[in-house]
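So this block is my_file_20.pdb, PDB, C-alpha atoms and all ligand atoms:
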```pdb
MODEL        1
ATOM      1  CA  MET A  30       5.051  28.004   6.147  1.00  0.00           C
ATOM      2  CA  ALA A  31       3.249  26.600   3.122  1.00  0.00           C
ATOM      3  CA  ILE A  32       1.472  23.435   2.045  1.00  0.00           C
ATOM      4  CA  ARG A  33       3.270  22.207  -1.057  1.00  0.00           C
ATOM      5  CA  THR A  34       1.850  20.172  -3.977  1.00  0.00           C
ATOM      6  CA  ILE A  35       2.650  16.461  -3.671  1.00  0.00           C
ATOM      7  CA  LEU A  36       3.811  14.910  -6.964  1.00  0.00           C
ATOM      8  CA  HIS A  37       1.849  11.878  -8.132  1.00  0.00           C
ATOM      9  CA  TYR A  38       3.163   8.855 -10.052  1.00  0.00           C
ATOM     10  CA  PRO A  39       4.182   8.731 -12.916  1.00  0.00           C
ATOM     11  CA  ASP A  40       5.760  12.206 -12.513  1.00  0.00           C
ATOM     12  CA  LYS A  41       9.364  11.720 -13.669  1.00  0.00           C
ATOM     13  CA  ARG A  42      10.731  13.953 -10.881  1.00  0.00           C
ATOM     14  CA  LEU A  43       9.905  11.118  -8.446  1.00  0.00           C
ATOM     15  CA  ARG A  44      12.527   8.994 -10.232  1.00  0.00           C
ATOM     16  CA  ILE A  45      15.525  11.364  -9.837  1.00  0.00           C
ATOM     17  CA  PRO A  46      18.011  10.211  -7.149  1.00  0.00           C
ATOM     18  CA  ALA A  47      18.240  13.101  -4.684  1.00  0.00           C
ATOM     19  CA  LYS A  48      21.407  15.097  -3.895  1.00  0.00           C
ATOM     20  CA  PRO A  49      22.959  15.414  -0.427  1.00  0.00           C
ATOM     21  CA  VAL A  50      22.005  18.427   1.699  1.00  0.00           C
ATOM     22  CA  GLU A  51      25.087  20.661   2.060  1.00  0.00           C
ATOM     23  CA  ARG A  52      23.741  23.923   3.534  1.00  0.00           C
ATOM     24  CA  PHE A  53      22.119  23.843   6.993  1.00  0.00           C
ATOM     25  CA  ASP A  54      20.608  27.305   6.871  1.00  0.00           C
ATOM     26  CA  ASP A  55      17.283  29.126   7.271  1.00  0.00           C
ATOM     27  CA  GLU A  56      16.223  28.015   3.791  1.00  0.00           C
ATOM     28  CA  LEU A  57      16.564  24.366   4.876  1.00  0.00           C
ATOM     29  CA  ARG A  58      14.622  25.073   8.073  1.00  0.00           C
ATOM     30  CA  ALA A  59      11.822  26.652   6.019  1.00  0.00           C
ATOM     31  CA  LEU A  60      11.771  23.621   3.695  1.00  0.00           C
ATOM     32  CA  VAL A  61      11.469  21.227   6.656  1.00  0.00           C
ATOM     33  CA  GLU A  62       8.602  23.331   8.048  1.00  0.00           C
ATOM     34  CA  ASP A  63       6.806  23.203   4.685  1.00  0.00           C
ATOM     35  CA  MET A  64       7.341  19.427   4.455  1.00  0.00           C
ATOM     36  CA  ALA A  65       5.950  18.893   7.945  1.00  0.00           C
ATOM     37  CA  GLU A  66       2.918  21.106   7.246  1.00  0.00           C
ATOM     38  CA  THR A  67       2.307  19.291   3.943  1.00  0.00           C
ATOM     39  CA  MET A  68       2.619  15.867   5.612  1.00  0.00           C
ATOM     40  CA  TYR A  69       0.204  16.716   8.457  1.00  0.00           C
ATOM     41  CA  ALA A  70      -2.298  18.211   5.969  1.00  0.00           C
ATOM     42  CA  ALA A  71      -2.229  15.138   3.664  1.00  0.00           C
ATOM     43  CA  PRO A  72      -2.388  13.410   6.216  1.00  0.00           C
ATOM     44  CA  GLY A  73       0.548  11.062   6.183  1.00  0.00           C
ATOM     45  CA  VAL A  74       3.161   9.594   8.501  1.00  0.00           C
ATOM     46  CA  GLY A  75       6.066  10.599   6.306  1.00  0.00           C
ATOM     47  CA  LEU A  76       7.097  12.801   3.392  1.00  0.00           C
ATOM     48  CA  ALA A  77      10.337  12.933   1.369  1.00  0.00           C
ATOM     49  CA  ALA A  78      11.621  16.111  -0.319  1.00  0.00           C
ATOM     50  CA  PRO A  79      11.466  14.606  -3.847  1.00  0.00           C
ATOM     51  CA  GLN A  80       7.694  14.176  -3.353  1.00  0.00           C
ATOM     52  CA  ILE A  81       7.314  17.962  -3.403  1.00  0.00           C
ATOM     53  CA  GLY A  82       9.748  18.331  -6.300  1.00  0.00           C
ATOM     54  CA  VAL A  83      12.856  19.122  -4.212  1.00  0.00           C
ATOM     55  CA  SER A  84      15.720  16.785  -5.129  1.00  0.00           C
ATOM     56  CA  LEU A  85      17.471  16.729  -1.731  1.00  0.00           C
ATOM     57  CA  ARG A  86      18.213  13.824   0.631  1.00  0.00           C
ATOM     58  CA  LEU A  87      15.823  14.582   3.466  1.00  0.00           C
ATOM     59  CA  PHE A  88      12.490  13.350   4.799  1.00  0.00           C
ATOM     60  CA  VAL A  89      10.201  13.931   7.765  1.00  0.00           C
ATOM     61  CA  ILE A  90       8.237  11.322   9.733  1.00  0.00           C
ATOM     62  CA  ASP A  91       5.623  11.431  12.482  1.00  0.00           C
ATOM     63  CA  VAL A  92       3.926   8.085  13.161  1.00  0.00           C
ATOM     64  CA  ALA A  93       1.523   9.598  15.721  1.00  0.00           C
ATOM     65  CA  ILE A  94      -1.584   9.476  13.505  1.00  0.00           C
ATOM     66  CA  ALA A  95      -1.133   5.789  12.806  1.00  0.00           C
ATOM     67  CA  ASP A  96       0.304   4.612  16.115  1.00  0.00           C
ATOM     68  CA  ASP A  97      -2.042   6.649  18.307  1.00  0.00           C
ATOM     69  CA  ALA A  98       1.068   8.034  19.982  1.00  0.00           C
ATOM     70  CA  PRO A  99       2.046  11.588  20.979  1.00  0.00           C
ATOM     71  CA  SER A 100       3.041  13.656  17.942  1.00  0.00           C
ATOM     72  CA  GLU A 101       6.828  13.716  17.447  1.00  0.00           C
ATOM     73  CA  LEU A 102       8.210  15.157  14.219  1.00  0.00           C
ATOM     74  CA  ARG A 103      11.458  13.475  13.174  1.00  0.00           C
ATOM     75  CA  THR A 104      13.719  14.968  10.497  1.00  0.00           C
ATOM     76  CA  PHE A 105      16.267  12.783   8.656  1.00  0.00           C
ATOM     77  CA  ILE A 106      18.881  14.543   6.512  1.00  0.00           C
ATOM     78  CA  ASN A 107      21.509  12.647   4.460  1.00  0.00           C
ATOM     79  CA  PRO A 108      20.390   9.330   6.055  1.00  0.00           C
ATOM     80  CA  GLU A 109      22.494   6.137   5.825  1.00  0.00           C
ATOM     81  CA  PHE A 110      21.428   2.663   6.938  1.00  0.00           C
ATOM     82  CA  ILE A 111      23.850   1.018   9.375  1.00  0.00           C
ATOM     83  CA  GLU A 112      21.868  -2.199   9.934  1.00  0.00           C
ATOM     84  CA  HIS A 113      18.792  -4.069   8.670  1.00  0.00           C
ATOM     85  CA  VAL A 114      17.433  -6.914  10.827  1.00  0.00           C
ATOM     86  CA  GLY A 115      14.657  -9.407  10.078  1.00  0.00           C
ATOM     87  CA  THR A 116      11.724  -9.140   7.668  1.00  0.00           C
ATOM     88  CA  VAL A 117       8.178  -7.891   8.057  1.00  0.00           C
ATOM     89  CA  CYS A 118       5.380  -7.242   5.571  1.00  0.00           C
ATOM     90  CA  TYR A 119       3.043  -4.268   5.808  1.00  0.00           C
ATOM     91  CA  GLU A 120       0.234  -2.872   3.645  1.00  0.00           C
ATOM     92  CA  GLU A 121       1.756   0.406   2.566  1.00  0.00           C
ATOM     93  CA  GLY A 122       0.184   3.521   1.133  1.00  0.00           C
ATOM     94  CA  CYS A 123       2.063   6.372  -0.535  1.00  0.00           C
ATOM     95  CA  LEU A 124       1.054  10.012  -0.918  1.00  0.00           C
ATOM     96  CA  SER A 125       2.358   9.834  -4.481  1.00  0.00           C
ATOM     97  CA  PHE A 126      -0.028   6.930  -5.192  1.00  0.00           C
ATOM     98  CA  PRO A 127      -3.350   8.179  -3.777  1.00  0.00           C
ATOM     99  CA  GLY A 128      -5.871   5.387  -3.116  1.00  0.00           C
ATOM    100  CA  ILE A 129      -3.303   2.602  -3.652  1.00  0.00           C
ATOM    101  CA  HIS A 130      -2.365   0.155  -0.848  1.00  0.00           C
ATOM    102  CA  GLU A 131       0.014  -2.732  -1.498  1.00  0.00           C
ATOM    103  CA  THR A 132       1.786  -5.279   0.717  1.00  0.00           C
ATOM    104  CA  VAL A 133       5.537  -4.686   0.844  1.00  0.00           C
ATOM    105  CA  ASP A 134       8.324  -6.647   2.579  1.00  0.00           C
ATOM    106  CA  ARG A 135      10.671  -4.516   4.690  1.00  0.00           C
ATOM    107  CA  ALA A 136      13.341  -5.043   7.375  1.00  0.00           C
ATOM    108  CA  GLU A 137      11.676  -5.424  10.778  1.00  0.00           C
ATOM    109  CA  ARG A 138      14.300  -3.287  12.526  1.00  0.00           C
ATOM    110  CA  VAL A 139      16.780  -0.747  11.165  1.00  0.00           C
ATOM    111  CA  ARG A 140      19.644   1.310  12.534  1.00  0.00           C
ATOM    112  CA  VAL A 141      20.095   4.599  10.692  1.00  0.00           C
ATOM    113  CA  ARG A 142      22.605   7.476  10.903  1.00  0.00           C
ATOM    114  CA  ALA A 143      21.444  10.912   9.738  1.00  0.00           C
ATOM    115  CA  GLN A 144      21.792  14.639  10.404  1.00  0.00           C
ATOM    116  CA  ASP A 145      19.194  16.851  12.062  1.00  0.00           C
ATOM    117  CA  VAL A 146      18.155  20.270  10.794  1.00  0.00           C
ATOM    118  CA  ASN A 147      21.196  21.816  12.566  1.00  0.00           C
ATOM    119  CA  GLY A 148      23.569  19.428  10.823  1.00  0.00           C
ATOM    120  CA  GLU A 149      24.196  17.404  14.002  1.00  0.00           C
ATOM    121  CA  THR A 150      24.706  13.675  13.335  1.00  0.00           C
ATOM    122  CA  PHE A 151      22.545  11.170  15.249  1.00  0.00           C
ATOM    123  CA  GLU A 152      21.891   7.432  15.173  1.00  0.00           C
ATOM    124  CA  LEU A 153      18.494   5.825  15.680  1.00  0.00           C
ATOM    125  CA  GLU A 154      17.388   2.215  16.051  1.00  0.00           C
ATOM    126  CA  ALA A 155      13.760   1.733  14.975  1.00  0.00           C
ATOM    127  CA  ASP A 156      11.180  -1.022  14.644  1.00  0.00           C
ATOM    128  CA  GLY A 157       7.451  -1.138  13.960  1.00  0.00           C
ATOM    129  CA  LEU A 158       5.860   1.525  11.761  1.00  0.00           C
ATOM    130  CA  LEU A 159       8.776   3.925  12.285  1.00  0.00           C
ATOM    131  CA  ALA A 160      11.188   1.398  10.740  1.00  0.00           C
ATOM    132  CA  ILE A 161       8.836   0.843   7.784  1.00  0.00           C
ATOM    133  CA  ALA A 162       8.386   4.579   7.253  1.00  0.00           C
ATOM    134  CA  ILE A 163      12.154   5.208   7.335  1.00  0.00           C
ATOM    135  CA  GLN A 164      12.676   2.555   4.645  1.00  0.00           C
ATOM    136  CA  HIS A 165       9.759   3.865   2.567  1.00  0.00           C
ATOM    137  CA  GLU A 166      11.002   7.462   2.730  1.00  0.00           C
ATOM    138  CA  ASN A 167      14.607   6.489   2.010  1.00  0.00           C
ATOM    139  CA  ASP A 168      13.372   4.734  -1.139  1.00  0.00           C
ATOM    140  CA  HIS A 169      12.027   8.111  -2.309  1.00  0.00           C
ATOM    141  CA  LEU A 170      15.537   9.616  -1.989  1.00  0.00           C
ATOM    142  CA  GLU A 171      16.795   6.925  -4.394  1.00  0.00           C
ATOM    143  CA  GLY A 172      13.934   7.477  -6.853  1.00  0.00           C
ATOM    144  CA  LYS A 173      12.506   4.074  -5.820  1.00  0.00           C
ATOM    145  CA  LEU A 174       8.715   3.862  -5.565  1.00  0.00           C
ATOM    146  CA  LEU A 175       5.978   1.596  -4.185  1.00  0.00           C
ATOM    147  CA  VAL A 176       5.449  -0.066  -7.574  1.00  0.00           C
ATOM    148  CA  ASP A 177       9.096  -1.216  -7.625  1.00  0.00           C
ATOM    149  CA  HIS A 178       8.336  -3.617  -4.764  1.00  0.00           C
ATOM    150  CA  LEU A 179       5.437  -5.300  -6.590  1.00  0.00           C
ATOM    151  CA  SER A 180       5.077  -8.286  -8.897  1.00  0.00           C
ATOM    152  CA  LEU A 181       4.839  -7.450 -12.613  1.00  0.00           C
ATOM    153  CA  LEU A 182       1.097  -8.156 -12.517  1.00  0.00           C
ATOM    154  CA  ARG A 183       0.458  -5.855  -9.519  1.00  0.00           C
ATOM    155  CA  ARG A 184       2.771  -3.209 -10.996  1.00  0.00           C
ATOM    156  CA  ARG A 185       0.754  -3.192 -14.244  1.00  0.00           C
ATOM    157  CA  LEU A 186      -2.545  -2.950 -12.333  1.00  0.00           C
ATOM    158  CA  VAL A 187      -1.282  -0.024 -10.210  1.00  0.00           C
ATOM    159  CA  HIS A 188       0.205   1.712 -13.276  1.00  0.00           C
ATOM    160  CA  ARG A 189      -3.123   1.398 -15.120  1.00  0.00           C
ATOM    161  CA  ALA A 190      -5.096   2.704 -12.122  1.00  0.00           C
ATOM    162  CA  MET A 191      -2.770   5.690 -11.702  1.00  0.00           C
ATOM    163  CA  MET A 192      -2.839   6.537 -15.432  1.00  0.00           C
ATOM    164  CA  LYS A 193      -6.667   6.377 -15.338  1.00  0.00           C
ATOM    165  CA  ARG A 194      -6.634   8.733 -12.338  1.00  0.00           C
ATOM    166  CA  ALA A 195      -4.206  11.110 -14.069  1.00  0.00           C
ATOM    167  CA  SER A 196      -6.405  11.352 -17.199  1.00  0.00           C
ATOM    168  CA  ALA A 197      -9.549  11.850 -15.067  1.00  0.00           C
ATOM    169  CA  ASP A 198      -7.755  14.638 -13.148  1.00  0.00           C
ATOM    170  CA  ALA A 199      -6.618  16.239 -16.426  1.00  0.00           C
ATOM    171  CA  GLU A 200     -10.197  16.080 -17.766  1.00  0.00           C
ATOM    172  CA  ALA A 201     -11.583  17.614 -14.563  1.00  0.00           C
ATOM    173  CA  VAL A 202      -9.167  20.552 -14.940  1.00  0.00           C
ATOM    174  CA  GLY A 203     -10.406  20.917 -18.525  1.00  0.00           C
TER
HETATM  175  O1  LIG A 301       6.119   8.721   1.596  1.00  0.00           O
HETATM  176  C1  LIG A 301       4.901   8.751   1.606  1.00  0.00           C
HETATM  177  O2  LIG A 301       4.211   8.668   0.575  1.00  0.00           O
HETATM  178  C2  LIG A 301       4.202   8.840   2.918  1.00  0.00           C
HETATM  179  C3  LIG A 301       3.659   7.519   3.329  1.00  0.00           C
HETATM  180  C4  LIG A 301       4.693   6.952   4.253  1.00  0.00           C
HETATM  181  C5  LIG A 301       4.467   5.562   4.726  1.00  0.00           C
HETATM  182  C6  LIG A 301       4.115   4.554   3.867  1.00  0.00           C
HETATM  183  C7  LIG A 301       3.936   3.265   4.347  1.00  0.00           C
HETATM  184  C8  LIG A 301       4.133   2.979   5.687  1.00  0.00           C
HETATM  185  C9  LIG A 301       4.513   3.992   6.532  1.00  0.00           C
HETATM  186  C10 LIG A 301       4.689   5.277   6.052  1.00  0.00           C
HETATM  187  C11 LIG A 301       2.262   7.893   3.817  1.00  0.00           C
HETATM  188  O3  LIG A 301       2.298   8.286   5.126  1.00  0.00           O
HETATM  189  S1  LIG A 301       1.074   6.768   3.414  1.00  0.00           S
HETATM  190  C12 LIG A 301      -0.257   7.211   4.377  1.00  0.00           C
HETATM  191  C13 LIG A 301      -0.303   6.533   5.716  1.00  0.00           C
HETATM  192  C14 LIG A 301      -1.096   7.073   6.684  1.00  0.00           C
HETATM  193  C15 LIG A 301      -1.180   6.449   7.910  1.00  0.00           C
HETATM  194  C16 LIG A 301      -0.477   5.277   8.191  1.00  0.00           C
HETATM  195  C17 LIG A 301       0.343   4.745   7.227  1.00  0.00           C
HETATM  196  C18 LIG A 301       0.432   5.371   5.959  1.00  0.00           C
HETATM  197 ZN    ZN A 302       5.688   7.347  -0.550  1.00  0.00          ZN
ENDMDL
END
```
In structure tokens, write the structure found in this file.
Ligand code: K2U
Ligand code: ZN
Amino acid sequence: MAIRTILHYPDKRLRIPAKPVERFDDELRALVEDMAETMYAAPGVGLAAPQIGVSLRLFVIDVAIADDAPSELRTFINPEFIEHVGTVCYEEGCLSFPGIHETVDRAERVRVRAQDVNGETFELEADGLLAIAIQHENDHLEGKLLVDHLSLLRRRLVHRAMMKRASADAEAVG
């Protein structure tokens, strides 16, 4: 297992729509393990493969740290939404936008079909933080990011803050 580097906005790799997973093999299992380890170390409640530079349609979620619930790692591979119901707004963070929190509208409840790490298809109905996380992570598979849900003014403010952070990081490296 390994903790991978999480890409930060405006890294262009975050904008590439991811490709379907076709091989359910040991390499995929190792990738899921790395994603889970990276997510728990961040810490976060979700992580999508494009965030570690892997352009594949899969993400992991564990809402335990935020919901004060028992830890339960969920893996979603080649996910498809079957149903969106209602609307809810939530102040979201994103591991690719460190220090940024913005209010985003999402469906209150979703029904999703996906494959597990063995390639078995399952369906899940979710609400609460799990539903929000599923929608947030699925955005990453489409190359859609937190800023894309914001007003032009908020988007400009976030872009400026992230560019300032990127130049400060570059200066620190020297
Ligand atoms: O994809 C990511 O960047 C991981 C996000 C997922 C997420 C965003 C908003 C709402 C739910 C999930 C990170 O987990 S953001 C960090 C975080 C930590 C605790 C609770 C919520 C978000
Ligand atoms: Zn994110």
Rows by chain and residue number, region 139-191 of chain A within 9 Å of region 109-116 of chain A, shortest pair, all atoms listed in the file, as a Markdown table:
```
| residue | atom | partner | partner_atom | distance |
| --- | --- | --- | --- | --- |
| A:Val139 | CA | A:His113 | CA | 4.6 |
| A:Arg140 | CA | A:Glu112 | CA | 4.9 |
| A:Val141 | CA | A:Phe110 | CA | 4.4 |
| A:Arg142 | CA | A:Glu109 | CA | 5.3 |
| A:Ala143 | CA | A:Glu109 | CA | 6.3 |
| A:Glu152 | CA | A:Ile111 | CA | 8.9 |
| A:Glu154 | CA | A:Glu112 | CA | 8.8 |
| A:Asn167 | CA | A:Glu109 | CA | 8.8 |
```
Give me, as a tab-separated table, the closest atom pair and its distance (Å, one decimal) for every residue of chain A within a cut-off of 10 Å of ligand ZN 302 (chain A), counting only C-alpha atoms and all ligand atoms, rows sorted by chain and rising number.
```
residue	atom	partner	partner_atom	distance
A:His37	CA	A:ZN302	ZN	9.6
A:Tyr38	CA	A:ZN302	ZN	9.9
A:Leu43	CA	A:ZN302	ZN	9.7
A:Gly73	CA	A:ZN302	ZN	9.2
A:Val74	CA	A:ZN302	ZN	9.7
A:Gly75	CA	A:ZN302	ZN	7.6
A:Leu76	CA	A:ZN302	ZN	6.9
A:Ala77	CA	A:ZN302	ZN	7.5
A:Pro79	CA	A:ZN302	ZN	9.8
A:Gln80	CA	A:ZN302	ZN	7.6
A:Glu121	CA	A:ZN302	ZN	8.6
A:Gly122	CA	A:ZN302	ZN	6.9
A:Cys123	CA	A:ZN302	ZN	3.8
A:Leu124	CA	A:ZN302	ZN	5.4
A:Ser125	CA	A:ZN302	ZN	5.7
A:Phe126	CA	A:ZN302	ZN	7.4
A:Pro127	CA	A:ZN302	ZN	9.6
A:Ala162	CA	A:ZN302	ZN	8.7
A:Gln164	CA	A:ZN302	ZN	9.9
A:His165	CA	A:ZN302	ZN	6.2
A:Glu166	CA	A:ZN302	ZN	6.2
A:Asn167	CA	A:ZN302	ZN	9.3
A:Asp168	CA	A:ZN302	ZN	8.1
A:His169	CA	A:ZN302	ZN	6.6
A:Lys173	CA	A:ZN302	ZN	9.2
A:Leu174	CA	A:ZN302	ZN	6.8
A:Leu175	CA	A:ZN302	ZN	6.8
```
Store the residues of this selection in a file with C-alpha atoms, as a JSON list (two decimals), in the coordinates of the input.
```json
[["chain", "number", "residue", "atom", "x", "y", "z"],
["A", 37, "HIS", "CA", 1.85, 11.88, -8.13],
["A", 38, "TYR", "CA", 3.16, 8.86, -10.05],
["A", 43, "LEU", "CA", 9.90, 11.12, -8.45],
["A", 73, "GLY", "CA", 0.55, 11.06, 6.18],
["A", 74, "VAL", "CA", 3.16, 9.59, 8.50],
["A", 75, "GLY", "CA", 6.07, 10.60, 6.31],
["A", 76, "LEU", "CA", 7.10, 12.80, 3.39],
["A", 77, "ALA", "CA", 10.34, 12.93, 1.37],
["A", 79, "PRO", "CA", 11.47, 14.61, -3.85],
["A", 80, "GLN", "CA", 7.69, 14.18, -3.35],
["A", 121, "GLU", "CA", 1.76, 0.41, 2.57],
["A", 122, "GLY", "CA", 0.18, 3.52, 1.13],
["A", 123, "CYS", "CA", 2.06, 6.37, -0.54],
["A", 124, "LEU", "CA", 1.05, 10.01, -0.92],
["A", 125, "SER", "CA", 2.36, 9.83, -4.48],
["A", 126, "PHE", "CA", -0.03, 6.93, -5.19],
["A", 127, "PRO", "CA", -3.35, 8.18, -3.78],
["A", 162, "ALA", "CA", 8.39, 4.58, 7.25],
["A", 164, "GLN", "CA", 12.68, 2.56, 4.64],
["A", 165, "HIS", "CA", 9.76, 3.86, 2.57],
["A", 166, "GLU", "CA", 11.00, 7.46, 2.73],
["A", 167, "ASN", "CA", 14.61, 6.49, 2.01],
["A", 168, "ASP", "CA", 13.37, 4.73, -1.14],
["A", 169, "HIS", "CA", 12.03, 8.11, -2.31],
["A", 173, "LYS", "CA", 12.51, 4.07, -5.82],
["A", 174, "LEU", "CA", 8.72, 3.86, -5.56],
["A", 175, "LEU", "CA", 5.98, 1.60, -4.18]]
```
Residues of region 129-202 of chain A that have any atom at most 7 Å from an atom of region 44-59 of chain A: could you tabulate them with the shortest-distance atom pair and the distance in Å to one decimal, using all atoms listed in the file, ordered by chain and increasing number, as JSON lines?
```
{"residue": "A:Val146", "atom": "CA", "partner": "A:Phe53", "partner_atom": "CA", "distance": 6.6}
{"residue": "A:Asn147", "atom": "CA", "partner": "A:Phe53", "partner_atom": "CA", "distance": 6.0}
{"residue": "A:Gly148", "atom": "CA", "partner": "A:Phe53", "partner_atom": "CA", "distance": 6.0}
{"residue": "A:Leu170", "atom": "CA", "partner": "A:Ala47", "partner_atom": "CA", "distance": 5.2}
{"residue": "A:Glu171", "atom": "CA", "partner": "A:Pro46", "partner_atom": "CA", "distance": 4.5}
{"residue": "A:Gly172", "atom": "CA", "partner": "A:Arg44", "partner_atom": "CA", "distance": 4.0}
{"residue": "A:Lys173", "atom": "CA", "partner": "A:Arg44", "partner_atom": "CA", "distance": 6.6}
```
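One finds CA of Met191 (chain A) at 25.6 Å from CA of Leu87 (chain A).
We find CA of Ala155 (chain A) and CA of Ile90 (chain A) to be spaced 12.2 Å apart.
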Expansion of the PyMOL selection byres (((chain A and resi 31) around 6) and not hetatm) into residues, as a VMD selection string:
chain A and resid 30 32 63
Would you work out the distance separating CA of Pro39 (chain A) from CA of Met192 (chain A), expressed in Å to one decimal?
7.8 Å
Decode the PyMOL selection byres (((chain A and resi 133) around 6) and not hetatm) for the given file into explicit residues and return them as a list in words.
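Those residues are Cys118, Tyr119, Thr132 and Asp134 of chain A.
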Keeping only C-alpha atoms, write the selected residues to a file as a PDB file, keeping the file's coordinate frame.
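What follows is the written file result35.pdb:
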```pdb
ATOM      1  CA  CYS A 118       5.380  -7.242   5.571  1.00  0.00           C
ATOM      2  CA  TYR A 119       3.043  -4.268   5.808  1.00  0.00           C
ATOM      3  CA  THR A 132       1.786  -5.279   0.717  1.00  0.00           C
ATOM      4  CA  ASP A 134       8.324  -6.647   2.579  1.00  0.00           C
TER       5      ASP A 134
END
```
When you look at Ile161 (chain A) with a cut-off of 8 Å (counting all atoms listed in the file), what residues show up, excluding the ones that are within fewer than 4 positions of it in the same chain? I need them as a list in words.
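In the requested form, the answer reads Tyr119, Arg135, Ala136, Glu137, Asp156, Gly157 and His165 of chain A.
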With only C-alpha atoms and all ligand atoms as the basis for distance, which of A:Arg194, A:His130, A:Lys41, A:His188 is at the shortest distance from ligand LIG 301 (chain A)?
A:His130
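Of the listed residues A:Asp97, A:Leu179, A:Arg33, A:Val202, the one whose atoms come nearest to ligand LIG 301 (chain A) is A:Asp97, with distances taken using all atoms listed in the file.
Within the file as shown, the PyMOL selection byres (((chain A and resi 101) around 9) and not hetatm) identifies A:Ile90, A:Asp91, A:Val92, A:Ala93, A:Ala98, A:Pro99, A:Ser100, A:Leu102, A:Arg103.
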File of the preceding selection, C-alpha atoms, as a PDB file, keeping the file's coordinate frame:
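Writing done, so here's result.pdb:
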```pdb
ATOM      1  CA  ILE A  90       8.237  11.322   9.733  1.00  0.00           C
ATOM      2  CA  ASP A  91       5.623  11.431  12.482  1.00  0.00           C
ATOM      3  CA  VAL A  92       3.926   8.085  13.161  1.00  0.00           C
ATOM      4  CA  ALA A  93       1.523   9.598  15.721  1.00  0.00           C
ATOM      5  CA  ALA A  98       1.068   8.034  19.982  1.00  0.00           C
ATOM      6  CA  PRO A  99       2.046  11.588  20.979  1.00  0.00           C
ATOM      7  CA  SER A 100       3.041  13.656  17.942  1.00  0.00           C
ATOM      8  CA  LEU A 102       8.210  15.157  14.219  1.00  0.00           C
ATOM      9  CA  ARG A 103      11.458  13.475  13.174  1.00  0.00           C
TER      10      ARG A 103
END
```
Nearest to Asn107 (chain A): which of A:Arg42, A:Arg86, A:Arg184, A:Arg189 is it, counting all atoms listed in the file?
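Among A:Arg42, A:Arg86, A:Arg184, A:Arg189, it is A:Arg86 that comes nearest to Asn107 (chain A).
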I'd like to know which of A:Asp40, A:Ala190, A:Leu153, A:Gly128 is closest to ligand LIG 301 (chain A), using all atoms listed in the file.
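Smallest distance to ligand LIG 301 (chain A) is found for A:Gly128.
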Nearest to Gln144 (chain A) among A:Ala199, A:Val89, A:Ile94, A:Ala65, with distances taken over all atoms listed in the file: which residue is it?
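Closest to Gln144 (chain A) of all the choices is A:Val89.
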To box ligand LIG 301 (chain A), take all atoms listed in the file, fit an axis-aligned box, add 4 Å on each side, and give centre and edge lengths in Å to one decimal, as lines of an AutoDock Vina configuration file.
```
center_x = 2.5
center_y = 5.9
center_z = 4.4
size_x = 15.3
size_y = 13.9
size_z = 15.6
```
